[in-house]
file my_file01.cif (mmCIF, C-alpha atoms)
data_entry
loop_
_atom_site.label_atom_id
_atom_site.label_comp_id
_atom_site.auth_asym_id
_atom_site.auth_seq_id
_atom_site.Cartn_x
_atom_site.Cartn_y
_atom_site.Cartn_z
CA MET A 27 26.92 15.41 19.88
CA SER A 28 28.93 16.32 22.98
CA ALA A 29 30.29 13.67 25.33
CA LEU A 30 27.95 14.93 28.07
CA ARG A 31 24.91 14.79 25.79
CA LEU A 32 25.88 11.33 24.58
CA ALA A 33 26.15 10.14 28.16
CA THR A 34 22.80 11.59 29.21
CA HIS A 35 20.85 11.03 25.96
CA PRO A 36 22.41 7.96 24.33
CA LEU A 37 21.39 7.90 20.66
CA ARG A 38 17.77 8.90 21.24
CA SER A 39 17.07 8.72 17.51
CA ALA A 40 18.53 5.26 16.98
CA ARG A 41 15.10 3.63 16.91
CA ARG A 42 13.92 6.03 14.24
CA PHE A 43 16.82 5.36 11.88
CA TYR A 44 17.76 1.79 12.61
CA GLY A 45 14.61 0.06 13.90
CA THR A 46 14.93 -2.21 16.90
CA ALA A 47 17.30 -5.12 17.47
CA THR A 48 15.32 -6.31 20.45
CA PRO A 49 15.09 -9.73 22.12
CA THR A 50 11.85 -10.16 20.16
CA ARG A 51 13.80 -9.77 16.92
CA LEU A 52 16.28 -12.40 18.12
CA ALA A 53 13.45 -14.69 19.22
CA ALA A 54 12.23 -14.69 15.61
CA VAL A 55 15.26 -16.82 14.76
CA ALA A 56 14.60 -20.55 15.22
CA PRO A 57 17.52 -22.92 15.84
CA ALA A 58 17.90 -25.41 13.00
CA ALA A 59 18.26 -29.11 13.62
CA SER A 60 21.78 -30.49 14.17
CA SER A 61 23.40 -31.23 10.84
CA THR A 62 26.15 -33.70 11.79
CA ALA A 63 26.74 -36.67 14.02
CA GLN A 64 28.91 -34.42 16.15
CA ASN A 65 25.84 -32.28 16.91
CA VAL A 66 27.31 -29.25 15.21
CA ALA A 67 24.34 -26.88 14.93
CA ALA A 68 23.42 -25.59 11.51
CA PRO A 69 22.83 -21.85 11.08
CA ALA A 70 19.59 -20.70 12.67
CA LEU A 71 16.60 -20.10 10.41
CA SER A 72 14.59 -16.92 10.71
CA ALA A 73 10.80 -16.91 10.52
CA ALA A 74 11.14 -15.11 7.18
CA ALA A 75 13.18 -18.04 5.86
CA ILE A 76 10.77 -20.63 7.26
CA HIS A 77 7.65 -19.05 5.74
CA ALA A 78 9.11 -17.82 2.44
CA SER A 79 8.49 -21.10 0.61
CA GLY A 80 5.04 -21.94 1.88
CA PRO A 81 1.78 -22.05 -0.09
CA LEU A 82 -0.61 -19.14 -0.62
CA ARG A 83 -2.48 -18.80 2.69
CA ASN A 84 -5.41 -16.96 4.21
CA ASP A 85 -5.06 -18.51 7.65
CA TRP A 86 -2.03 -16.67 9.01
CA THR A 87 -1.90 -16.22 12.75
CA ARG A 88 -0.91 -12.90 14.21
CA GLU A 89 1.98 -14.63 15.99
CA GLU A 90 3.33 -16.02 12.70
CA ILE A 91 3.22 -12.61 11.05
CA GLN A 92 4.85 -10.99 14.09
CA SER A 93 7.69 -13.51 13.91
CA ILE A 94 8.24 -12.77 10.21
CA PHE A 95 8.11 -9.02 10.89
CA ASP A 96 10.65 -9.48 13.72
CA SER A 97 13.13 -11.43 11.57
CA PRO A 98 16.63 -9.99 11.29
CA PHE A 99 16.47 -7.13 8.81
CA MET A 100 18.82 -8.57 6.18
CA ASP A 101 17.06 -11.93 6.29
CA LEU A 102 13.65 -10.31 5.98
CA MET A 103 14.76 -8.22 3.03
CA TYR A 104 16.39 -11.19 1.30
CA TYR A 105 13.40 -13.50 1.63
CA GLY A 106 11.01 -10.73 0.63
CA ALA A 107 13.09 -10.37 -2.54
CA LYS A 108 13.09 -14.14 -3.08
CA VAL A 109 9.31 -14.45 -2.80
CA HIS A 110 8.86 -11.40 -5.00
CA ARG A 111 10.90 -12.89 -7.83
CA GLU A 112 9.09 -16.21 -7.58
CA ASN A 113 5.78 -14.45 -8.26
CA PHE A 114 6.66 -11.39 -10.37
CA ASN A 115 9.25 -10.12 -12.78
CA GLY A 116 11.62 -8.50 -10.28
CA ARG A 117 12.50 -5.60 -12.60
CA GLU A 118 8.95 -4.58 -13.45
CA VAL A 119 7.40 -1.69 -11.52
CA GLN A 120 3.93 -0.41 -12.30
CA GLN A 121 3.51 3.34 -12.65
CA CYS A 122 0.15 4.67 -11.44
CA THR A 123 -1.33 8.16 -11.36
CA LEU A 124 -3.74 9.33 -8.64
CA LEU A 125 -5.94 12.35 -9.34
CA SER A 126 -8.14 14.07 -6.78
CA ILE A 127 -11.37 14.64 -8.72
CA LYS A 128 -13.17 16.06 -5.67
CA THR A 129 -10.90 17.81 -3.18
CA GLY A 130 -11.54 18.91 0.39
CA GLY A 131 -14.68 19.46 2.43
CA CYS A 132 -14.80 15.89 3.74
CA THR A 133 -17.00 15.37 6.82
CA GLU A 134 -14.83 12.64 8.29
CA ASP A 135 -12.27 13.18 11.05
CA CYS A 136 -9.27 11.12 9.86
CA LYS A 137 -6.49 12.74 11.90
CA TYR A 138 -3.90 12.47 9.14
CA CYS A 139 -5.99 14.01 6.36
CA PRO A 140 -5.81 17.67 5.28
CA GLN A 141 -9.04 17.24 3.30
CA SER A 142 -11.17 16.99 6.44
CA SER A 143 -13.45 20.01 6.93
CA ARG A 144 -12.76 19.74 10.68
CA TYR A 145 -9.16 20.93 10.38
CA ASN A 146 -7.67 24.26 9.36
CA THR A 147 -5.30 23.31 6.53
CA VAL A 148 -4.30 24.81 3.20
CA VAL A 149 -6.69 22.43 1.43
CA LYS A 150 -10.05 24.01 0.71
CA ALA A 151 -13.25 22.43 -0.57
CA GLN A 152 -13.61 22.34 -4.35
CA LYS A 153 -16.24 21.14 -6.79
CA MET A 154 -15.77 17.90 -8.67
CA LEU A 155 -13.60 18.24 -11.77
CA ASP A 156 -15.41 18.26 -15.07
CA THR A 157 -15.13 15.59 -17.74
CA GLY A 158 -12.54 17.38 -19.84
CA GLU A 159 -10.15 17.93 -16.92
CA VAL A 160 -10.34 14.30 -15.81
CA LEU A 161 -9.93 12.71 -19.25
CA GLU A 162 -7.12 15.08 -20.22
CA ALA A 163 -5.29 14.18 -16.99
CA ALA A 164 -5.74 10.48 -17.77
CA GLN A 165 -4.35 10.92 -21.28
CA ARG A 166 -1.33 12.83 -19.95
CA ALA A 167 -0.75 10.08 -17.39
CA LYS A 168 -0.81 7.41 -20.09
CA GLU A 169 1.61 9.38 -22.26
CA ALA A 170 3.93 9.68 -19.24
CA GLY A 171 3.97 5.89 -18.79
CA SER A 172 1.24 5.23 -16.23
CA THR A 173 -0.78 2.06 -16.78
CA ARG A 174 -3.26 2.63 -13.94
CA PHE A 175 -5.27 5.80 -13.43
CA CYS A 176 -6.84 6.30 -10.01
CA MET A 177 -9.58 8.80 -9.16
CA GLY A 178 -10.11 9.92 -5.57
CA ALA A 179 -12.99 11.88 -4.07
CA ALA A 180 -13.05 13.29 -0.53
CA TRP A 181 -16.38 11.75 0.46
CA ARG A 182 -17.50 9.54 3.32
CA ASP A 183 -19.82 7.66 0.94
CA LEU A 184 -21.88 8.11 -2.23
CA ALA A 185 -25.23 8.72 -0.57
CA GLY A 186 -27.06 11.56 -2.30
CA ARG A 187 -24.43 11.82 -5.04
CA LYS A 188 -26.23 10.07 -7.90
CA SER A 189 -25.36 12.70 -10.50
CA ASN A 190 -21.66 12.74 -9.58
CA PHE A 191 -21.57 8.95 -9.38
CA ASN A 192 -23.01 8.68 -12.90
CA LYS A 193 -20.26 11.03 -14.12
CA ILE A 194 -17.63 8.85 -12.48
CA VAL A 195 -19.10 5.76 -14.15
CA SER A 196 -18.69 7.53 -17.49
CA TYR A 197 -15.09 8.44 -16.61
CA VAL A 198 -14.35 4.79 -15.82
CA LYS A 199 -15.68 3.69 -19.23
CA ALA A 200 -13.71 6.35 -21.09
CA ILE A 201 -10.40 5.73 -19.30
CA ARG A 202 -10.69 1.97 -19.66
CA GLY A 203 -11.18 2.67 -23.36
CA MET A 204 -7.76 4.35 -23.36
CA GLY A 205 -6.17 1.00 -22.52
CA MET A 206 -5.47 1.73 -18.85
CA GLU A 207 -6.39 0.04 -15.61
CA VAL A 208 -8.89 2.20 -13.71
CA CYS A 209 -9.13 2.53 -9.93
CA CYS A 210 -11.44 4.63 -7.75
CA THR A 211 -11.48 5.61 -4.08
CA LEU A 212 -14.81 7.25 -3.31
CA GLY A 213 -15.53 6.29 0.29
CA MET A 214 -17.97 3.58 1.28
CA LEU A 215 -19.73 1.57 -1.45
CA ASN A 216 -22.94 -0.43 -1.35
CA GLU A 217 -23.55 -3.59 -3.38
CA THR A 218 -25.42 -1.83 -6.20
CA GLN A 219 -22.76 0.84 -6.66
CA ALA A 220 -20.01 -1.79 -6.73
CA LYS A 221 -21.82 -3.72 -9.46
CA GLN A 222 -22.32 -0.56 -11.53
CA LEU A 223 -18.62 0.24 -11.33
CA LYS A 224 -17.72 -3.32 -12.32
CA GLU A 225 -20.04 -3.15 -15.33
CA ALA A 226 -18.42 0.13 -16.36
CA GLY A 227 -15.02 -1.59 -16.45
CA LEU A 228 -13.50 -0.59 -13.11
CA THR A 229 -10.32 -2.55 -12.49
CA ALA A 230 -9.85 -1.91 -8.78
CA TYR A 231 -11.37 -0.14 -5.80
CA ASN A 232 -9.13 1.39 -3.17
CA HIS A 233 -10.33 1.31 0.43
CA ASN A 234 -7.50 1.37 2.96
CA LEU A 235 -7.84 -0.03 6.47
CA ASP A 236 -5.19 2.51 7.57
CA THR A 237 -3.98 0.66 10.68
CA SER A 238 -4.87 -2.15 13.10
CA ARG A 239 -8.37 -2.60 14.46
CA GLU A 240 -7.05 -1.79 17.95
CA PHE A 241 -5.36 1.51 17.04
CA TYR A 242 -7.97 2.62 14.52
CA PRO A 243 -10.30 4.42 16.99
CA LYS A 244 -7.42 6.74 17.93
CA ILE A 245 -7.24 7.94 14.33
CA ILE A 246 -10.83 7.89 13.04
CA SER A 247 -14.22 7.98 14.79
CA THR A 248 -16.60 8.77 11.92
CA ARG A 249 -16.30 5.41 10.14
CA SER A 250 -15.89 2.03 11.78
CA TYR A 251 -13.34 -0.63 10.93
CA ASP A 252 -16.14 -3.02 10.07
CA GLU A 253 -17.64 -0.49 7.66
CA ARG A 254 -14.32 -0.45 5.83
CA LEU A 255 -14.27 -4.23 5.67
CA GLU A 256 -17.86 -4.21 4.43
CA THR A 257 -16.94 -1.97 1.49
CA ILE A 258 -14.02 -4.26 0.64
CA GLY A 259 -16.47 -7.16 0.68
CA HIS A 260 -18.90 -5.38 -1.66
CA ALA A 261 -16.10 -4.66 -4.14
CA GLN A 262 -14.84 -8.23 -4.09
CA ASP A 263 -18.34 -9.67 -4.36
CA ALA A 264 -18.85 -7.55 -7.49
CA GLY A 265 -15.70 -9.01 -9.04
CA ILE A 266 -13.58 -5.87 -8.62
CA SER A 267 -9.96 -6.13 -7.53
CA VAL A 268 -9.34 -4.57 -4.13
CA CYS A 269 -6.50 -2.19 -3.35
CA SER A 270 -6.16 -1.95 0.44
CA GLY A 271 -3.28 -1.13 2.73
CA GLY A 272 -2.43 1.39 5.38
CA ILE A 273 -0.27 4.17 6.75
CA ILE A 274 2.68 3.88 9.10
CA GLY A 275 3.87 6.75 11.25
CA LEU A 276 0.48 7.59 12.78
CA GLY A 277 1.80 7.01 16.30
CA GLU A 278 1.03 3.30 16.22
CA GLN A 279 3.17 0.53 17.72
CA GLU A 280 4.83 -2.21 15.71
CA GLU A 281 2.15 -4.67 16.81
CA ASP A 282 -0.40 -2.38 15.10
CA ARG A 283 1.49 -2.69 11.84
CA VAL A 284 1.41 -6.45 12.27
CA GLY A 285 -2.31 -6.27 13.09
CA LEU A 286 -3.00 -4.42 9.84
CA LEU A 287 -1.08 -7.01 7.82
CA HIS A 288 -2.89 -9.81 9.65
CA THR A 289 -6.31 -8.44 8.73
CA LEU A 290 -5.34 -8.00 5.07
CA SER A 291 -3.73 -11.41 4.75
CA THR A 292 -6.67 -13.26 6.29
CA LEU A 293 -9.32 -11.80 3.99
CA ALA A 294 -11.11 -14.49 1.97
CA LYS A 295 -9.12 -13.24 -1.02
CA HIS A 296 -5.92 -11.24 -0.63
CA PRO A 297 -6.09 -7.67 -1.95
CA GLU A 298 -4.84 -7.37 -5.52
CA SER A 299 -2.62 -4.58 -4.27
CA VAL A 300 -1.40 -3.43 -0.87
CA PRO A 301 -0.31 0.22 -0.64
CA VAL A 302 2.25 0.93 2.07
CA ASN A 303 2.10 4.64 2.91
CA ALA A 304 4.43 6.65 5.14
CA LEU A 305 2.66 9.55 6.82
CA LEU A 306 3.40 12.96 5.37
CA ALA A 307 2.40 15.15 8.31
CA VAL A 308 0.41 18.19 7.19
CA LYS A 309 0.20 21.42 9.16
CA GLY A 310 -3.25 21.93 10.66
CA THR A 311 -4.02 18.23 11.13
CA PRO A 312 -3.87 16.60 14.58
CA LEU A 313 -0.84 14.59 13.44
CA GLU A 314 1.15 17.57 12.16
CA LYS A 315 4.00 16.97 14.62
CA GLN A 316 4.45 13.24 14.01
CA GLU A 317 8.04 12.17 13.37
CA PRO A 318 8.61 10.68 9.89
CA VAL A 319 9.32 6.97 9.67
CA SER A 320 12.62 5.59 8.40
CA VAL A 321 13.15 3.56 5.27
CA PHE A 322 13.90 0.58 7.51
CA ASP A 323 10.33 0.74 8.82
CA MET A 324 9.05 0.82 5.24
CA VAL A 325 11.19 -2.10 4.13
CA ARG A 326 10.10 -4.19 7.11
CA MET A 327 6.43 -3.60 6.19
CA ILE A 328 6.99 -4.22 2.48
CA ALA A 329 8.98 -7.43 2.92
CA THR A 330 6.53 -8.88 5.45
CA ALA A 331 3.59 -8.04 3.18
CA ARG A 332 5.38 -9.66 0.26
CA ILE A 333 6.01 -12.92 2.14
CA ILE A 334 2.48 -13.33 3.50
CA MET A 335 0.66 -12.04 0.38
CA PRO A 336 3.02 -13.25 -2.35
CA GLN A 337 0.75 -12.64 -5.34
CA SER A 338 -0.40 -9.14 -4.37
CA MET A 339 1.11 -5.99 -5.80
CA VAL A 340 2.87 -4.06 -3.04
CA ARG A 341 2.71 -0.34 -3.70
CA LEU A 342 5.36 2.07 -2.44
CA SER A 343 2.92 4.92 -1.99
CA ALA A 344 2.69 8.20 -0.04
CA GLY A 345 5.87 9.36 1.64
CA ARG A 346 8.14 8.10 -1.14
CA VAL A 347 9.13 11.70 -1.82
CA ARG A 348 11.18 11.65 1.40
CA PHE A 349 13.32 8.68 0.35
CA SER A 350 16.48 8.78 -1.73
CA VAL A 351 16.94 6.61 -4.82
CA ALA A 352 19.07 4.22 -2.77
CA GLU A 353 16.35 3.94 -0.13
CA GLN A 354 13.67 3.37 -2.76
CA ALA A 355 15.89 0.68 -4.28
CA MET A 356 15.78 -1.14 -0.92
CA CYS A 357 11.99 -1.05 -1.06
CA PHE A 358 11.91 -2.46 -4.59
CA MET A 359 14.40 -5.17 -3.64
CA ALA A 360 12.25 -6.15 -0.64
CA GLY A 361 9.15 -6.65 -2.78
CA ALA A 362 7.55 -3.35 -3.79
CA ASN A 363 6.55 -3.28 -7.46
CA SER A 364 4.41 -0.20 -7.94
CA ILE A 365 4.71 3.56 -7.45
CA PHE A 366 2.53 6.60 -7.95
CA THR A 367 3.85 9.14 -10.42
CA GLY A 368 2.83 12.75 -10.91
CA GLU A 369 3.40 15.91 -8.92
CA LYS A 370 0.79 15.14 -6.25
CA LEU A 371 -0.82 12.24 -4.40
CA LEU A 372 -4.28 13.72 -3.94
CA THR A 373 -3.09 16.82 -2.04
CA THR A 374 0.42 15.92 -0.82
CA PRO A 375 3.73 16.28 -2.72
CA ASN A 376 5.09 13.45 -4.84
CA ASN A 377 8.30 12.71 -6.74
CA GLU A 378 9.02 14.55 -9.98
CA PHE A 379 8.34 12.52 -13.14
CA THR A 380 11.81 13.19 -14.54
CA ASP A 381 13.41 12.00 -11.29
CA ASP A 382 11.45 8.75 -11.50
CA GLN A 383 12.58 8.22 -15.09
CA LYS A 384 16.20 8.69 -14.04
CA MET A 385 15.67 6.26 -11.15
CA PHE A 386 14.22 3.61 -13.47
CA GLN A 387 17.23 3.97 -15.76
CA LEU A 388 19.74 3.85 -12.91
CA LEU A 389 18.17 0.79 -11.24
CA GLY A 390 17.39 -1.05 -14.46
CA LEU A 391 13.65 -1.01 -13.76
CA VAL A 392 11.11 -1.40 -16.55
CA PRO A 393 7.44 -0.34 -16.64
CA LYS A 394 4.97 -3.07 -15.74
CA PRO A 395 2.24 -3.42 -18.37
CA PRO A 396 -1.45 -3.21 -17.42
CA ASN A 397 -3.17 -6.36 -16.23
CA PHE A 398 -6.70 -6.63 -17.59
CA GLU A 399 -7.04 -10.27 -16.48
CA GLN A 400 -7.32 -9.35 -12.81
CA GLY A 401 -10.46 -9.17 -10.73
CA SER A 402 -11.76 -10.88 -7.62
CA ASP A 403 -14.03 -12.93 -9.91
CA LYS A 404 -10.99 -14.42 -11.66
CA THR A 405 -9.64 -17.70 -10.28
CA GLU A 406 -6.55 -17.89 -12.46
CA GLN A 407 -3.45 -16.06 -11.29
CA PRO A 408 -0.15 -15.68 -13.20
CA SER A 409 2.78 -17.89 -12.23
CA TYR A 410 6.41 -16.80 -12.67
CA GLN A 411 9.67 -18.68 -12.70
CA ASN A 412 12.87 -16.65 -12.48
CA GLY A 413 10.86 -13.52 -13.24
CA ILE A 414 9.28 -14.93 -16.43
CA LYS A 415 5.54 -15.52 -16.69
CA ILE A 416 5.17 -19.19 -17.52
CA LYS A 417 1.49 -20.07 -17.02
CA ALA A 418 -1.69 -19.32 -15.17
CA GLU A 419 -2.72 -21.61 -12.38
CA VAL A 420 -5.60 -21.77 -9.94
CA ALA A 421 -4.69 -20.02 -6.70
CA ALA A 422 -4.88 -22.10 -3.55
#
call {"tool": "encode", "arguments": {"input": "my_file01.cif", "output": "structure tokens"}}
result
Amino acid sequence: MSALRLATHPLRSARRFYGTATPTRLAAVAPAASSTAQNVAAPALSAAAIHASGPLRNDWTREEIQSIFDSPFMDLMYYGAKVHRENFNGREVQQCTLLSIKTGGCTEDCKYCPQSSRYNTVVKAQKMLDTGEVLEAAQRAKEAGSTRFCMGAAWRDLAGRKSNFNKIVSYVKAIRGMGMEVCCTLGMLNETQAKQLKEAGLTAYNHNLDTSREFYPKIISTRSYDERLETIGHAQDAGISVCSGGIIGLGEQEEDRVGLLHTLSTLAKHPESVPVNALLAVKGTPLEKQEPVSVFDMVRMIATARIIMPQSMVRLSAGRVRFSVAEQAMCFMAGANSIFTGEKLLTTPNNEFTDDQKMFQLLGLVPKPPNFEQGSDKTEQPSYQNGIKIKAEVAA
């Protein structure tokens, strides 16, 4: 950069790569009480430090979460790691596979999604995959080390899809019989459909909130925020674990990221897993020109989620393909303990399987086994001490 350009455009990309060291960040550091008779002040405590040792909570205030999110980066990452290791084996990372069983032709207008029929993208509408294709993909995923198999369909809801829904119920039974966790994301669910999926053996239902309630209307108009929350409620009422998170890089502000985390962490029961996605902008969608987020943005989201939802899986999801092994290591250190493997995440690129295996070896990560004890109808949650599962105790 020339001296003239530096003078007139001082580090315009600094926010993208380094986040923001703003007065708000500094305000998230609380002075500690004086530690000696001479009134020598002890080191200040960040909000991340203050809240890292608290009980499991569903009554977080937005201001508390904002203060954690605004903690100095190194503090936030450290305390995210601390909370993570108090609740999970810090070396275990679950490998999941996500298959699009019904691609394209969706009637919704999600501005980030290439599967919407409203946008001119490379993704074209296809029929639902047949039984053989789905079960063979699940078997390959298991052989490659995945312990959760997720099936996604580009639908708004299941209305008028009885035949396809019955097929999916049969897929759930068959894949559960393979000894894998099974997850579906099929759009909105009603109470009856949720119960049928639970009876078939469904482990989890994915239904992302995407962003904050305030920013949501700028991204989607064909489904309301409350409709998303209603589907989450139906899944939890049926005893199914809920997988719900969001996407960063949609054009939202940091307070929107905090708003998303606030909604998730104040649900009656925390989601079993919280996917943190970084937008992969796709040509032809309204968000095709969005700038990619930095790994520092991802780590800040992951560590905050880990502190406020300590017993939830935090999934390093879409957008991981853009991050180096060193950057992914930062995410795992901050509290992420799940990834998606396989060449695609629905329709967008993903990391190569062999690259992930090399990363696991380099970082000393080990595959996390499946958890068949989970479910929103289960009151007992595992407890860890120094990364070792010691007992199950009733969650607060």
call {"tool": "closest_residue", "arguments": {"input": "my_file01.cif", "among": "A:Val208, A:Val119, A:Ala78, A:Leu342", "to": "Pro393 in chain A", "atoms": "all atoms listed in the file"}}
result
A:Val119
call {"tool": "residues_around", "arguments": {"input": "my_file01.cif", "residues": "Cys136 in chain A", "least_positions_apart": "6", "cutoff": "9 Å", "atoms": "all atoms listed in the file", "output": "list of chain:residue names"}}
result
A:Ser142, A:Ile245, A:Ile246, A:Ser247, A:Thr248, A:Thr311
call {"tool": "write_last_selection", "arguments": {"input": "my_file01.cif", "atoms": "C-alpha atoms", "output": "PDB file, in the coordinates of the input"}}
result
ATOM      1  CA  SER A 142     -11.170  16.990   6.440  1.00  0.00           C
ATOM      2  CA  ILE A 245      -7.240   7.940  14.330  1.00  0.00           C
ATOM      3  CA  ILE A 246     -10.830   7.890  13.040  1.00  0.00           C
ATOM      4  CA  SER A 247     -14.220   7.980  14.790  1.00  0.00           C
ATOM      5  CA  THR A 248     -16.600   8.770  11.920  1.00  0.00           C
ATOM      6  CA  THR A 311      -4.020  18.230  11.130  1.00  0.00           C
TER       7      THR A 311
END
call {"tool": "resolve_selection", "arguments": {"input": "my_file01.cif", "expression": "the PyMOL selection byres ((chain A and resi 161-165) around 8)", "output": "PyMOL selection string"}}
result
chain A and resi 125+157-160+166-169+175+197+200-201+204
call {"tool": "residues_around", "arguments": {"input": "my_file01.cif", "residues": "Gln262 in chain A", "least_positions_apart": "3", "cutoff": "9 Å", "atoms": "all atoms listed in the file", "output": "NGL selection string"}}
result
:A and (220 or 231 or 257-259 or 265-268 or 295 or 401-403)
call {"tool": "resolve_selection", "arguments": {"input": "my_file01.cif", "expression": "the PyMOL selection byres ((chain A and resi 277-283) around 9)", "output": "list of chain:residue names"}}
result
A:Gln92, A:Phe95, A:Thr237, A:Ser238, A:Arg239, A:Glu240, A:Phe241, A:Gly272, A:Ile273, A:Ile274, A:Gly275, A:Leu276, A:Val284, A:Gly285, A:Leu286, A:Leu287, A:His288, A:Leu313, A:Gln316, A:Glu317, A:Met327
call {"tool": "write_last_selection", "arguments": {"input": "my_file01.cif", "atoms": "C-alpha atoms", "output": "compact mmCIF listing (two decimals), keeping the file's coordinate frame"}}
result
# COMPACT_ATOMS: atom_id res chain seq x y z
CA GLN A 92 4.85 -10.99 14.09
CA PHE A 95 8.11 -9.02 10.89
CA THR A 237 -3.98 0.66 10.68
CA SER A 238 -4.87 -2.15 13.10
CA ARG A 239 -8.37 -2.60 14.46
CA GLU A 240 -7.05 -1.79 17.95
CA PHE A 241 -5.36 1.51 17.04
CA GLY A 272 -2.43 1.39 5.38
CA ILE A 273 -0.27 4.17 6.75
CA ILE A 274 2.68 3.88 9.10
CA GLY A 275 3.87 6.75 11.25
CA LEU A 276 0.48 7.59 12.78
CA VAL A 284 1.41 -6.45 12.27
CA GLY A 285 -2.31 -6.27 13.09
CA LEU A 286 -3.00 -4.42 9.84
CA LEU A 287 -1.08 -7.01 7.82
CA HIS A 288 -2.89 -9.81 9.65
CA LEU A 313 -0.84 14.59 13.44
CA GLN A 316 4.45 13.24 14.01
CA GLU A 317 8.04 12.17 13.37
CA MET A 327 6.43 -3.60 6.19
call {"tool": "residues_near_point", "arguments": {"input": "my_file01.cif", "point": "(-16.1, 0.3, -14.5)", "cutoff": "10 Å", "atoms": "only C-alpha atoms", "output": "PyMOL selection string"}}
result
chain A and resi 194-202+207-210+220-231+266
call {"tool": "write_last_selection", "arguments": {"input": "my_file01.cif", "atoms": "C-alpha atoms", "output": "mmCIF file, in the coordinates of the input"}}
result
data_model
loop_
_atom_site.group_PDB
_atom_site.id
_atom_site.type_symbol
_atom_site.label_atom_id
_atom_site.label_comp_id
_atom_site.auth_asym_id
_atom_site.auth_seq_id
_atom_site.Cartn_x
_atom_site.Cartn_y
_atom_site.Cartn_z
ATOM 1 C CA ILE A 194 -17.630 8.850 -12.480
ATOM 2 C CA VAL A 195 -19.100 5.760 -14.150
ATOM 3 C CA SER A 196 -18.690 7.530 -17.490
ATOM 4 C CA TYR A 197 -15.090 8.440 -16.610
ATOM 5 C CA VAL A 198 -14.350 4.790 -15.820
ATOM 6 C CA LYS A 199 -15.680 3.690 -19.230
ATOM 7 C CA ALA A 200 -13.710 6.350 -21.090
ATOM 8 C CA ILE A 201 -10.400 5.730 -19.300
ATOM 9 C CA ARG A 202 -10.690 1.970 -19.660
ATOM 10 C CA GLU A 207 -6.390 0.040 -15.610
ATOM 11 C CA VAL A 208 -8.890 2.200 -13.710
ATOM 12 C CA CYS A 209 -9.130 2.530 -9.930
ATOM 13 C CA CYS A 210 -11.440 4.630 -7.750
ATOM 14 C CA ALA A 220 -20.010 -1.790 -6.730
ATOM 15 C CA LYS A 221 -21.820 -3.720 -9.460
ATOM 16 C CA GLN A 222 -22.320 -0.560 -11.530
ATOM 17 C CA LEU A 223 -18.620 0.240 -11.330
ATOM 18 C CA LYS A 224 -17.720 -3.320 -12.320
ATOM 19 C CA GLU A 225 -20.040 -3.150 -15.330
ATOM 20 C CA ALA A 226 -18.420 0.130 -16.360
ATOM 21 C CA GLY A 227 -15.020 -1.590 -16.450
ATOM 22 C CA LEU A 228 -13.500 -0.590 -13.110
ATOM 23 C CA THR A 229 -10.320 -2.550 -12.490
ATOM 24 C CA ALA A 230 -9.850 -1.910 -8.780
ATOM 25 C CA TYR A 231 -11.370 -0.140 -5.800
ATOM 26 C CA ILE A 266 -13.580 -5.870 -8.620
#
call {"tool": "residues_around", "arguments": {"input": "my_file01.cif", "residues": "Ala75 in chain A", "least_positions_apart": "6", "cutoff": "8 Å", "atoms": "only C-alpha atoms", "output": "VMD selection string"}}
result
chain A and resid 101 to 102 105
call {"tool": "atom_distance", "arguments": {"input": "my_file01.cif", "atom1": "CA of Trp86 in chain A", "atom2": "CA of Arg341 in chain A"}}
result
21.2 Å
call {"tool": "atom_distance", "arguments": {"input": "my_file01.cif", "atom1": "CA of Cys176 in chain A", "atom2": "CA of Ile328 in chain A"}}
result
21.4 Å
call {"tool": "closest_residue", "arguments": {"input": "my_file01.cif", "among": "A:Ser350, A:Thr289, A:Asn397, A:Ser320", "to": "Thr87 in chain A", "atoms": "all atoms listed in the file"}}
result
A:Thr289
call {"tool": "residues_around", "arguments": {"input": "my_file01.cif", "residues": "Pro396 in chain A", "least_positions_apart": "4", "cutoff": "9 Å", "atoms": "only C-alpha atoms", "output": "PyMOL selection string"}}
result
chain A and resi 120+172-174+205-207
call {"tool": "write_last_selection", "arguments": {"input": "my_file01.cif", "atoms": "C-alpha atoms", "output": "PDB file, keeping the file's coordinate frame"}}
result
ATOM      1  CA  GLN A 120       3.930  -0.410 -12.300  1.00  0.00           C
ATOM      2  CA  SER A 172       1.240   5.230 -16.230  1.00  0.00           C
ATOM      3  CA  THR A 173      -0.780   2.060 -16.780  1.00  0.00           C
ATOM      4  CA  ARG A 174      -3.260   2.630 -13.940  1.00  0.00           C
ATOM      5  CA  GLY A 205      -6.170   1.000 -22.520  1.00  0.00           C
ATOM      6  CA  MET A 206      -5.470   1.730 -18.850  1.00  0.00           C
ATOM      7  CA  GLU A 207      -6.390   0.040 -15.610  1.00  0.00           C
TER       8      GLU A 207
END
call {"tool": "atom_distance", "arguments": {"input": "my_file01.cif", "atom1": "CA of Arg249 in chain A", "atom2": "CA of Thr330 in chain A"}}
result
27.3 Å
